[in-house]
$ cat coords-v5.pdb   # PDB, C-alpha atoms
ATOM      1  CA  MET A   1      41.710  88.404 133.491
ATOM      2  CA  CYS A   2      41.757  87.738 129.768
ATOM      3  CA  LEU A   3      41.779  90.388 127.056
ATOM      4  CA  VAL A   4      38.290  91.148 125.741
ATOM      5  CA  PRO A   5      37.582  92.046 122.068
ATOM      6  CA  VAL A   6      35.037  94.850 121.808
ATOM      7  CA  LEU A   7      33.275  95.522 118.500
ATOM      8  CA  ALA A   8      32.140  99.098 117.935
ATOM      9  CA  SER A   9      28.619  99.489 116.521
ATOM     10  CA  ALA A  10      28.242 103.125 115.462
ATOM     11  CA  GLY A  11      28.393 102.379 111.729
ATOM     12  CA  ILE A  12      27.008  98.845 111.514
ATOM     13  CA  VAL A  13      24.787  98.487 108.427
ATOM     14  CA  TRP A  14      23.904  94.805 108.715
ATOM     15  CA  ARG A  15      24.807  91.684 110.708
ATOM     16  CA  GLY A  16      24.748  88.136 109.418
ATOM     17  CA  ASP A  17      26.466  86.536 112.424
ATOM     18  CA  PHE A  18      23.788  83.858 113.114
ATOM     19  CA  GLU A  19      23.286  85.075 116.672
ATOM     20  CA  SER A  20      19.562  84.890 115.950
ATOM     21  CA  GLY A  21      20.042  81.128 116.217
ATOM     22  CA  ASP A  22      18.741  80.560 112.697
ATOM     23  CA  ARG A  23      19.090  81.756 109.089
ATOM     24  CA  SER A  24      16.581  84.595 109.424
ATOM     25  CA  GLN A  25      19.170  87.381 109.057
ATOM     26  CA  TYR A  26      19.523  86.458 105.372
ATOM     27  CA  SER A  27      17.183  87.154 102.474
ATOM     28  CA  GLY A  28      16.970  83.545 101.317
ATOM     29  CA  THR A  29      18.700  80.243 100.612
ATOM     30  CA  GLN A  30      19.831  78.130  97.691
ATOM     31  CA  MET A  31      20.044  74.633  99.169
ATOM     32  CA  VAL A  32      18.837  71.136  98.444
ATOM     33  CA  SER A  33      17.835  70.488 102.056
ATOM     34  CA  ALA A  34      18.025  72.123 105.493
ATOM     35  CA  ASP A  35      20.835  69.858 106.676
ATOM     36  CA  ARG A  36      23.162  71.460 104.098
ATOM     37  CA  LEU A  37      22.984  74.888 105.788
ATOM     38  CA  GLN A  38      22.841  74.240 109.530
ATOM     39  CA  VAL A  39      23.153  76.811 112.312
ATOM     40  CA  VAL A  40      25.349  75.098 114.909
ATOM     41  CA  THR A  41      26.687  75.829 118.380
ATOM     42  CA  SER A  42      30.081  74.221 117.734
ATOM     43  CA  PRO A  43      32.492  75.126 116.385
ATOM     44  CA  VAL A  44      32.006  78.892 116.622
ATOM     45  CA  ALA A  45      34.400  81.789 116.120
ATOM     46  CA  GLU A  46      32.444  84.187 118.307
ATOM     47  CA  GLY A  47      29.106  84.378 120.066
ATOM     48  CA  LYS A  48      26.975  81.237 120.377
ATOM     49  CA  TYR A  49      26.232  80.259 116.787
ATOM     50  CA  ALA A  50      27.865  79.670 113.412
ATOM     51  CA  LEU A  51      26.869  78.238 110.020
ATOM     52  CA  LYS A  52      27.906  74.801 108.781
ATOM     53  CA  ALA A  53      27.700  74.627 104.962
ATOM     54  CA  THR A  54      27.912  71.162 103.388
ATOM     55  CA  VAL A  55      28.031  70.249  99.682
ATOM     56  CA  ARG A  56      27.835  66.792  98.203
ATOM     57  CA  GLN A  57      28.355  66.003  94.565
ATOM     58  CA  GLY A  58      25.079  66.489  92.721
ATOM     59  CA  ASP A  59      23.735  69.264  95.002
ATOM     60  CA  ASP A  60      22.196  71.646  92.439
ATOM     61  CA  PRO A  61      19.222  73.512  93.900
ATOM     62  CA  ILE A  62      18.879  76.081  91.083
ATOM     63  CA  ASN A  63      19.689  73.931  88.032
ATOM     64  CA  SER A  64      22.835  75.865  87.250
ATOM     65  CA  SER A  65      26.486  75.079  86.688
ATOM     66  CA  GLY A  66      28.292  73.534  89.635
ATOM     67  CA  ASN A  67      27.087  72.210  92.977
ATOM     68  CA  ARG A  68      26.111  74.540  95.808
ATOM     69  CA  ASN A  69      24.365  75.276  99.072
ATOM     70  CA  GLU A  70      24.441  79.011  99.814
ATOM     71  CA  LEU A  71      22.779  81.771 101.809
ATOM     72  CA  VAL A  72      21.762  84.939  99.952
ATOM     73  CA  TYR A  73      21.648  88.497 101.299
ATOM     74  CA  GLN A  74      20.201  91.133  98.975
ATOM     75  CA  GLY A  75      22.258  94.120 100.086
ATOM     76  CA  LYS A  76      21.968  95.611  96.584
ATOM     77  CA  GLU A  77      25.261  97.510  96.766
ATOM     78  CA  ALA A  78      25.018 100.368  94.280
ATOM     79  CA  VAL A  79      27.690 102.056  92.210
ATOM     80  CA  GLY A  80      29.714 104.506  94.306
ATOM     81  CA  SER A  81      28.778 102.947  97.658
ATOM     82  CA  GLU A  82      31.632 102.105 100.028
ATOM     83  CA  TYR A  83      31.642  99.544 102.836
ATOM     84  CA  TYR A  84      33.743  97.397 105.140
ATOM     85  CA  TYR A  85      32.855  93.696 105.407
ATOM     86  CA  ARG A  86      34.165  91.335 108.059
ATOM     87  CA  TRP A  87      33.545  87.593 108.332
ATOM     88  CA  LYS A  88      35.262  84.416 109.534
ATOM     89  CA  VAL A  89      35.658  81.077 107.773
ATOM     90  CA  MET A  90      36.983  77.674 108.829
ATOM     91  CA  PHE A  91      37.596  74.765 106.462
ATOM     92  CA  ALA A  92      36.985  71.275 107.838
ATOM     93  CA  THR A  93      40.073  69.149 108.410
ATOM     94  CA  ASP A  94      39.024  66.910 105.491
ATOM     95  CA  PHE A  95      38.167  69.742 103.112
ATOM     96  CA  PRO A  96      38.906  68.476  99.548
ATOM     97  CA  SER A  97      42.132  69.426  97.820
ATOM     98  CA  VAL A  98      41.304  69.620  94.120
ATOM     99  CA  ASP A  99      42.707  71.582  91.229
ATOM    100  CA  THR A 100      39.519  73.481  90.518
ATOM    101  CA  TRP A 101      37.411  76.262  92.058
ATOM    102  CA  GLN A 102      35.468  76.028  95.310
ATOM    103  CA  LEU A 103      33.870  79.376  96.208
ATOM    104  CA  PHE A 104      33.025  80.144  99.839
ATOM    105  CA  THR A 105      32.108  83.870  99.622
ATOM    106  CA  GLN A 106      31.036  85.930  96.603
ATOM    107  CA  TRP A 107      29.456  89.244  95.681
ATOM    108  CA  HIS A 108      27.310  88.378  92.707
ATOM    109  CA  HIS A 109      25.823  90.749  90.162
ATOM    110  CA  ASP A 110      22.065  90.913  89.732
ATOM    111  CA  GLY A 111      22.326  90.061  86.018
ATOM    112  CA  CYS A 112      21.588  86.614  84.673
ATOM    113  CA  CYS A 113      24.938  85.197  83.697
ATOM    114  CA  GLY A 114      28.702  85.177  84.168
ATOM    115  CA  SER A 115      31.159  84.982  87.040
ATOM    116  CA  PRO A 116      30.635  87.278  90.046
ATOM    117  CA  PRO A 117      32.715  90.495  90.049
ATOM    118  CA  VAL A 118      34.267  89.680  93.490
ATOM    119  CA  GLU A 119      34.839  86.139  94.741
ATOM    120  CA  PHE A 120      36.839  84.268  97.407
ATOM    121  CA  TYR A 121      37.601  80.626  96.661
ATOM    122  CA  VAL A 122      39.932  77.691  97.252
ATOM    123  CA  ARG A 123      41.943  76.089  94.495
ATOM    124  CA  GLY A 124      44.216  73.194  95.410
ATOM    125  CA  GLU A 125      46.003  74.325  98.567
ATOM    126  CA  GLU A 126      45.448  78.060  98.168
ATOM    127  CA  ILE A 127      42.863  80.585  99.271
ATOM    128  CA  ARG A 128      42.410  83.251  96.600
ATOM    129  CA  LEU A 129      40.680  86.564  95.967
ATOM    130  CA  SER A 130      39.640  86.969  92.348
ATOM    131  CA  LEU A 131      38.202  89.867  90.318
ATOM    132  CA  PRO A 132      36.791  88.085  87.257
ATOM    133  CA  GLY A 133      35.789  91.358  85.634
ATOM    134  CA  THR A 134      39.473  91.985  84.935
ATOM    135  CA  GLY A 135      40.768  88.431  85.278
ATOM    136  CA  GLU A 136      42.933  89.451  88.261
ATOM    137  CA  VAL A 137      43.911  87.400  91.309
ATOM    138  CA  PRO A 138      45.372  90.214  93.450
ATOM    139  CA  TRP A 139      45.854  88.086  96.597
ATOM    140  CA  ARG A 140      46.359  84.468  97.603
ATOM    141  CA  THR A 141      47.575  82.561 100.673
ATOM    142  CA  LYS A 142      48.111  78.980 101.831
ATOM    143  CA  LEU A 143      45.021  76.981 102.775
ATOM    144  CA  VAL A 144      45.107  76.057 106.469
ATOM    145  CA  ARG A 145      42.352  73.726 107.627
ATOM    146  CA  GLY A 146      40.791  73.479 111.069
ATOM    147  CA  VAL A 147      41.422  77.138 112.058
ATOM    148  CA  TRP A 148      39.363  80.300 111.720
ATOM    149  CA  HIS A 149      40.389  82.748 108.997
ATOM    150  CA  GLU A 150      39.240  86.323 109.484
ATOM    151  CA  PHE A 151      38.676  88.501 106.411
ATOM    152  CA  ILE A 152      38.064  92.247 106.316
ATOM    153  CA  MET A 153      37.370  93.700 102.893
ATOM    154  CA  HIS A 154      37.134  97.436 102.245
ATOM    155  CA  VAL A 155      35.541  98.097  98.862
ATOM    156  CA  LYS A 156      34.109 100.894  96.807
ATOM    157  CA  TRP A 157      31.741  99.541  94.235
ATOM    158  CA  GLY A 158      32.584 100.782  90.765
ATOM    159  CA  ALA A 159      32.578  99.528  87.164
ATOM    160  CA  THR A 160      36.079 100.892  86.422
ATOM    161  CA  ALA A 161      39.401 100.971  88.231
ATOM    162  CA  ASN A 162      39.044 104.748  88.488
ATOM    163  CA  THR A 163      35.709 104.580  90.297
ATOM    164  CA  GLY A 164      36.139 101.414  92.360
ATOM    165  CA  PHE A 165      38.792 100.092  94.741
ATOM    166  CA  ILE A 166      39.477  97.177  97.055
ATOM    167  CA  GLU A 167      41.552  96.661 100.246
ATOM    168  CA  LEU A 168      41.949  93.433 102.245
ATOM    169  CA  TRP A 169      43.043  92.266 105.708
ATOM    170  CA  HIS A 170      43.589  88.594 106.539
ATOM    171  CA  ASN A 171      43.813  87.711 110.228
ATOM    172  CA  LYS A 172      44.209  91.415 111.063
ATOM    173  CA  GLU A 173      47.176  91.814 108.693
ATOM    174  CA  LEU A 174      46.825  94.174 105.738
ATOM    175  CA  VAL A 175      47.588  91.845 102.823
ATOM    176  CA  LEU A 176      46.269  93.953  99.945
ATOM    177  CA  PRO A 177      46.737  97.731 100.216
ATOM    178  CA  LYS A 178      43.992  99.821  98.698
ATOM    179  CA  ARG A 179      44.093  99.762  94.908
ATOM    180  CA  GLY A 180      41.791 100.689  92.048
ATOM    181  CA  ALA A 181      39.684  97.753  90.844
ATOM    182  CA  VAL A 182      36.620  96.796  88.839
ATOM    183  CA  THR A 183      34.274  95.634  91.590
ATOM    184  CA  MET A 184      30.939  95.557  89.741
ATOM    185  CA  TYR A 185      29.505  95.339  86.249
ATOM    186  CA  SER A 186      28.171  98.437  84.593
ATOM    187  CA  GLY A 187      24.471  99.009  85.168
ATOM    188  CA  GLN A 188      24.125  96.214  87.765
ATOM    189  CA  LYS A 189      24.042  95.951  91.545
ATOM    190  CA  ASN A 190      25.778  93.390  93.760
ATOM    191  CA  TYR A 191      24.516  91.076  96.492
ATOM    192  CA  LEU A 192      26.171  88.596  98.872
ATOM    193  CA  LYS A 193      26.212  84.800  98.635
ATOM    194  CA  LEU A 194      27.838  82.782 101.415
ATOM    195  CA  GLY A 195      28.262  79.028 101.927
ATOM    196  CA  LEU A 196      29.970  76.691  99.427
ATOM    197  CA  TYR A 197      29.707  76.619  95.627
ATOM    198  CA  ARG A 198      32.088  74.424  93.631
ATOM    199  CA  ASN A 199      32.799  72.681  90.350
ATOM    200  CA  ASP A 200      30.472  69.717  89.850
ATOM    201  CA  THR A 201      33.455  67.453  89.155
ATOM    202  CA  VAL A 202      34.455  67.488  92.855
ATOM    203  CA  LYS A 203      33.411  64.194  94.458
ATOM    204  CA  PRO A 204      34.393  64.329  98.179
ATOM    205  CA  VAL A 205      32.025  65.987 100.626
ATOM    206  CA  GLY A 206      33.013  69.584 101.402
ATOM    207  CA  VAL A 207      32.310  71.341 104.708
ATOM    208  CA  VAL A 208      32.936  75.031 105.454
ATOM    209  CA  TYR A 209      31.982  77.008 108.600
ATOM    210  CA  HIS A 210      31.033  80.723 108.557
ATOM    211  CA  ASP A 211      30.614  83.137 111.453
ATOM    212  CA  GLY A 212      30.516  86.798 112.484
ATOM    213  CA  PHE A 213      29.559  88.504 109.218
ATOM    214  CA  VAL A 214      29.282  92.299 109.623
ATOM    215  CA  GLN A 215      28.782  95.086 107.066
ATOM    216  CA  ALA A 216      29.734  98.588 108.214
ATOM    217  CA  THR A 217      30.853 102.034 107.112
ATOM    218  CA  THR A 218      34.181 102.384 108.981
ATOM    219  CA  LEU A 219      37.145 100.177 109.790
ATOM    220  CA  ALA A 220      36.598 100.760 113.518
ATOM    221  CA  ASP A 221      33.190  99.097 113.177
ATOM    222  CA  VAL A 222      34.649  95.798 111.948
ATOM    223  CA  MET A 223      38.163  95.692 113.422
ATOM    224  CA  PRO A 224      37.964  94.294 116.962
ATOM    225  CA  VAL A 225      39.540  96.558 119.565
ATOM    226  CA  VAL A 226      41.330  94.684 122.327
ATOM    227  CA  VAL A 227      40.735  96.282 125.707
ATOM    228  CA  PRO A 228      43.381  95.376 128.225
ATOM    229  CA  PRO A 229      42.335  94.594 131.726
ATOM    230  CA  PRO A 230      43.096  97.183 134.389
ATOM    231  CA  VAL A 231      46.543  96.830 135.899
ATOM    232  CA  ASP A 232      46.435  95.623 139.496
ATOM    233  CA  ALA A 233      49.316  97.362 141.192
ATOM    234  CA  GLY A 234      48.593  95.581 144.443
ATOM    235  CA  THR A 235      47.317  97.043 147.662
ATOM    236  CA  PRO A 236      49.596  99.870 148.804
ATOM    237  CA  PRO A 237      50.705  99.640 152.434
ATOM    238  CA  VAL A 238      48.808 101.867 154.822
ATOM    239  CA  ASP A 239      51.058 104.626 156.133
ATOM    240  CA  ALA A 240      49.928 105.123 159.693
ATOM    241  CA  GLY A 241      52.539 107.803 160.200
ATOM    242  CA  THR A 242      54.731 108.023 163.297
ATOM    243  CA  PRO A 243      52.875 106.648 166.338
ATOM    244  CA  PRO A 244      52.620 109.100 169.231
ATOM    245  CA  VAL A 245      54.874 108.547 172.196
ATOM    246  CA  ASP A 246      52.931 107.055 175.079
ATOM    247  CA  ALA A 247      53.964 109.158 178.074
ATOM    248  CA  GLY A 248      51.736 107.130 180.297
ATOM    249  CA  SER A 249      48.357 107.969 181.715
ATOM    250  CA  PRO A 250      48.594 110.572 184.482
ATOM    251  CA  GLY A 251      45.567 109.081 186.155
ATOM    252  CA  ASN A 252      47.311 105.738 186.594
ATOM    253  CA  VAL A 253      50.227 107.151 188.586
ATOM    254  CA  ASP A 254      50.125 106.095 192.235
ATOM    255  CA  ALA A 255      51.259 109.255 193.971
ATOM    256  CA  GLY A 256      51.346 107.436 197.272
ATOM    257  CA  ALA A 257      53.657 104.632 196.270
ATOM    258  CA  PRO A 258      57.063 104.928 197.894
ATOM    259  CA  GLU A 259      59.954 105.462 195.594
ATOM    260  CA  GLU A 260      62.349 102.649 195.023
ATOM    261  CA  PRO A 261      65.814 103.114 196.408
ATOM    262  CA  GLY A 262      67.886 105.128 194.060
ATOM    263  CA  ASP A 263      64.880 106.729 192.373
ATOM    264  CA  VAL A 264      65.423 110.353 191.654
ATOM    265  CA  ASP A 265      62.512 112.696 192.017
ATOM    266  CA  ALA A 266      63.188 114.914 189.042
ATOM    267  CA  GLY A 267      60.082 116.951 189.785
ATOM    268  CA  THR A 268      61.268 118.423 193.147
ATOM    269  CA  PRO A 269      64.074 120.950 192.754
ATOM    270  CA  PRO A 270      66.983 120.570 195.205
ATOM    271  CA  VAL A 271      67.120 122.941 198.191
ATOM    272  CA  GLU A 272      69.823 125.506 197.659
ATOM    273  CA  GLU A 273      71.999 125.828 200.691
ATOM    274  CA  ALA A 274      72.672 129.339 201.985
ATOM    275  CA  PRO A 275      76.201 130.481 201.319
ATOM    276  CA  GLU A 276      78.541 130.514 204.260
ATOM    277  CA  ASP A 277      78.950 133.820 206.054
ATOM    278  CA  PRO A 278      82.110 135.634 205.284
ATOM    279  CA  GLU A 279      84.806 136.032 207.866
ATOM    280  CA  PRO A 280      83.762 138.327 210.791
ATOM    281  CA  MET A 281      85.172 141.804 211.067
ATOM    282  CA  PRO A 282      88.363 141.871 213.035
ATOM    283  CA  GLY A 283      87.619 142.407 216.741
ATOM    284  CA  THR A 284      83.815 142.325 216.477
ATOM    285  CA  GLY A 285      82.749 138.819 215.464
ATOM    286  CA  VAL A 286      80.331 140.411 212.991
ATOM    287  CA  PRO A 287      80.900 139.672 209.296
ATOM    288  CA  PRO A 288      81.016 142.617 206.947
ATOM    289  CA  ALA A 289      77.783 143.342 205.126
ATOM    290  CA  GLN A 290      77.848 142.778 201.395
ATOM    291  CA  GLY A 291      78.259 146.107 199.665
ATOM    292  CA  PHE A 292      79.426 148.076 202.709
ATOM    293  CA  PRO A 293      83.015 149.426 202.856
ATOM    294  CA  THR A 294      85.474 148.021 205.348
ATOM    295  CA  GLU A 295      87.032 150.025 208.142
ATOM    296  CA  GLU A 296      90.268 150.139 206.268
ATOM    297  CA  ALA A 297      88.497 151.478 203.213
ATOM    298  CA  ILE A 298      86.765 154.129 205.340
ATOM    299  CA  ALA A 299      89.951 155.040 207.073
ATOM    300  CA  GLY A 300      91.696 155.293 203.788
ATOM    301  CA  GLU A 301      88.871 157.302 202.302
ATOM    302  CA  VAL A 302      88.460 159.699 205.270
ATOM    303  CA  GLY A 303      92.025 159.770 206.465
ATOM    304  CA  CYS A 304      93.401 160.346 210.006
ATOM    305  CA  SER A 305      94.019 163.491 212.066
ATOM    306  CA  SER A 306      97.416 164.981 212.358
ATOM    307  CA  ALA A 307      97.673 163.305 215.744
ATOM    308  CA  GLY A 308      97.220 159.857 214.062
ATOM    309  CA  GLY A 309      93.721 159.274 215.488
ATOM    310  CA  VAL A 310      90.493 158.575 213.709
ATOM    311  CA  PRO A 311      88.248 161.600 213.258
ATOM    312  CA  LEU A 312      84.974 161.669 215.140
ATOM    313  CA  ALA A 313      82.951 161.525 211.961
ATOM    314  CA  ALA A 314      84.687 158.326 211.005
ATOM    315  CA  PHE A 315      83.901 156.658 214.324
ATOM    316  CA  THR A 316      80.286 157.702 214.061
ATOM    317  CA  LEU A 317      80.038 156.141 210.619
ATOM    318  CA  LEU A 318      81.686 152.943 211.777
ATOM    319  CA  GLY A 319      79.214 152.666 214.656
ATOM    320  CA  LEU A 320      76.290 152.968 212.376
ATOM    321  CA  LEU A 321      77.689 150.331 210.052
ATOM    322  CA  GLY A 322      78.204 147.896 212.893
ATOM    323  CA  LEU A 323      74.676 148.386 214.142
ATOM    324  CA  ALA A 324      73.315 147.676 210.634
ATOM    325  CA  ARG A 325      75.290 144.439 210.416
ATOM    326  CA  VAL A 326      73.979 143.233 213.755
ATOM    327  CA  ARG A 327      70.364 143.889 212.755
ATOM    328  CA  ARG A 328      70.875 142.108 209.369
ATOM    329  CA  ARG A 329      72.351 139.099 211.112
ATOM    330  CA  ARG A 330      69.395 138.816 213.498
ATOM    331  CA  SER A 331      66.897 139.067 210.717
TER     332      SER A 331
END

$ encode --input "coords-v5.pdb" --output "structure tokens"
Amino acid sequence: MCLVPVLASAGIVWRGDFESGDRSQYSGTQMVSADRLQVVTSPVAEGKYALKATVRQGDDPINSSGNRNELVYQGKEAVGSEYYYRWKVMFATDFPSVDTWQLFTQWHHDGCCGSPPVEFYVRGEEIRLSLPGTGEVPWRTKLVRGVWHEFIMHVKWGATANTGFIELWHNKELVLPKRGAVTMYSGQKNYLKLGLYRNDTVKPVGVVYHDGFVQATTLADVMPVVVPPPVDAGTPPVDAGTPPVDAGSPGNVDAGAPEEPGDVDAGTPPVEEAPEDPEPMPGTGVPPAQGFPTEEAIAGEVGCSSAGGVPLAAFTLLGLLGLARVRRRRS
């Protein structure tokens, strides 16, 4: 996706960009014939239309000095008013190189005579800004043909350097920082003239293209803002998480299928074998019951008579113990 220039419109005062498809945005013309100021579809700097201004030697529609074909816009800029102007100009590849003046944009005074207080012109191989009221040429640059030149002029209209100023950008570069300047004649208002006006000694045909003229109240209204396209970071991978462990479907288990040899049935606990019976009691064949004392322990606990025999109580106890062991064995 390409970068798109977006022009703010909050403070736009007037447009003369020819997007109407004709010359109707302007107050009037000074031309010898319609073919000298043509609205064309190519080349254009922006939009669909631009102006092609042509001057031939002898073109003098107002019986004045020089040859011209120009559009006029009666903006009537008054003393103390402040504006930004933006426009684009392209000089044909065969534009004449002559050591004299060839104006392409001017802010003229509404008086009868004299040079305009602010003018842009070509002389030889230079593009110049001139302030004839003070005789200054505060900016100049090399003439390059066949390409669009963008101009942005910030001006406060004033008859003295203390009340007026000028500031200029060329191709988006600030080439003339704001400085005090005489930008109008005392007691007069200014208006715009755009096209081509030159010394009547110039013989070759001159062609200049104009496009995108805008008058506004702030720099943001005339300085294109480049909006970058959104950054495509790609499609992030879908994190499905950790898949669940498939333990099998209980309903699919064939409970009747015989186990393969060697299969271990981990679900059936092994049968615990009964512990072997302890050794039987000496002389009886009956093992001693767990937790009951042996005869020796009883004899030792009860003791014998003085005659060496076992007391009657001891024999009685031993009989009872033997009977209990027999019953436990049978159970």

$ resolve_selection --input "coords-v5.pdb" --expression "the PyMOL selection byres ((chain A and resi 207) around 10)" --output "mmCIF file with C-alpha atoms, keeping the file's coordinate frame"
data_model
loop_
_atom_site.group_PDB
_atom_site.id
_atom_site.type_symbol
_atom_site.label_atom_id
_atom_site.label_comp_id
_atom_site.auth_asym_id
_atom_site.auth_seq_id
_atom_site.Cartn_x
_atom_site.Cartn_y
_atom_site.Cartn_z
ATOM 1 C CA ARG A 36 23.162 71.460 104.098
ATOM 2 C CA LYS A 52 27.906 74.801 108.781
ATOM 3 C CA ALA A 53 27.700 74.627 104.962
ATOM 4 C CA THR A 54 27.912 71.162 103.388
ATOM 5 C CA VAL A 55 28.031 70.249 99.682
ATOM 6 C CA ARG A 56 27.835 66.792 98.203
ATOM 7 C CA MET A 90 36.983 77.674 108.829
ATOM 8 C CA PHE A 91 37.596 74.765 106.462
ATOM 9 C CA ALA A 92 36.985 71.275 107.838
ATOM 10 C CA THR A 93 40.073 69.149 108.410
ATOM 11 C CA ASP A 94 39.024 66.910 105.491
ATOM 12 C CA PHE A 95 38.167 69.742 103.112
ATOM 13 C CA PRO A 96 38.906 68.476 99.548
ATOM 14 C CA GLY A 195 28.262 79.028 101.927
ATOM 15 C CA LEU A 196 29.970 76.691 99.427
ATOM 16 C CA PRO A 204 34.393 64.329 98.179
ATOM 17 C CA VAL A 205 32.025 65.987 100.626
ATOM 18 C CA GLY A 206 33.013 69.584 101.402
ATOM 19 C CA VAL A 208 32.936 75.031 105.454
ATOM 20 C CA TYR A 209 31.982 77.008 108.600
#

$ resolve_selection --input "coords-v5.pdb" --expression "the PyMOL selection byres ((chain A and resi 120) around 7)" --output "PyMOL selection string"
chain A and resi 103-106+119+121+128-130

$ closest_residue --input "coords-v5.pdb" --among "A:Val202, A:Ile152, A:Val79, A:Val98" --to "A:Gly187" --atoms "only C-alpha atoms"
A:Val79

$ closest_residue --input "coords-v5.pdb" --among "A:His210, A:Lys88, A:Ala216, A:Leu174" --to "A:Gln38" --atoms "only C-alpha atoms"
A:His210

$ resolve_selection --input "coords-v5.pdb" --expression "the PyMOL selection byres ((chain A and resi 186) around 10)" --output "PyMOL selection string"
chain A and resi 79+109+158-160+182-185+187-189

$ closest_residue --input "coords-v5.pdb" --among "A:Ala161, A:Ala78, A:Leu71, A:Ile127" --to "A:Leu37" --atoms "all atoms listed in the file"
A:Leu71

$ atom_distance --input "coords-v5.pdb" --atom1 "atom CA of A:Gly135" --atom2 "atom CA of A:Gly180"
14.0 Å

$ atom_distance --input "coords-v5.pdb" --atom1 "atom CA of A:Ser27" --atom2 "atom CA of A:Trp139"
29.3 Å

$ closest_residue --input "coords-v5.pdb" --among "A:Pro177, A:Pro230, A:Gly124, A:Gly16" --to "A:Ser97" --atoms "all atoms listed in the file"
A:Gly124

$ closest_residue --input "coords-v5.pdb" --among "A:Glu82, A:Val214, A:Glu125, A:Asp22" --to "A:Ile166" --atoms "all atoms listed in the file"
A:Glu82

$ atom_distance --input "coords-v5.pdb" --atom1 "atom CA of A:Gln57" --atom2 "atom CA of A:Tyr197"
10.8 Å

$ closest_residue --input "coords-v5.pdb" --among "A:Arg198, A:Lys76, A:Lys48, A:Lys203" --to "A:Thr100" --atoms "only C-alpha atoms"
A:Arg198
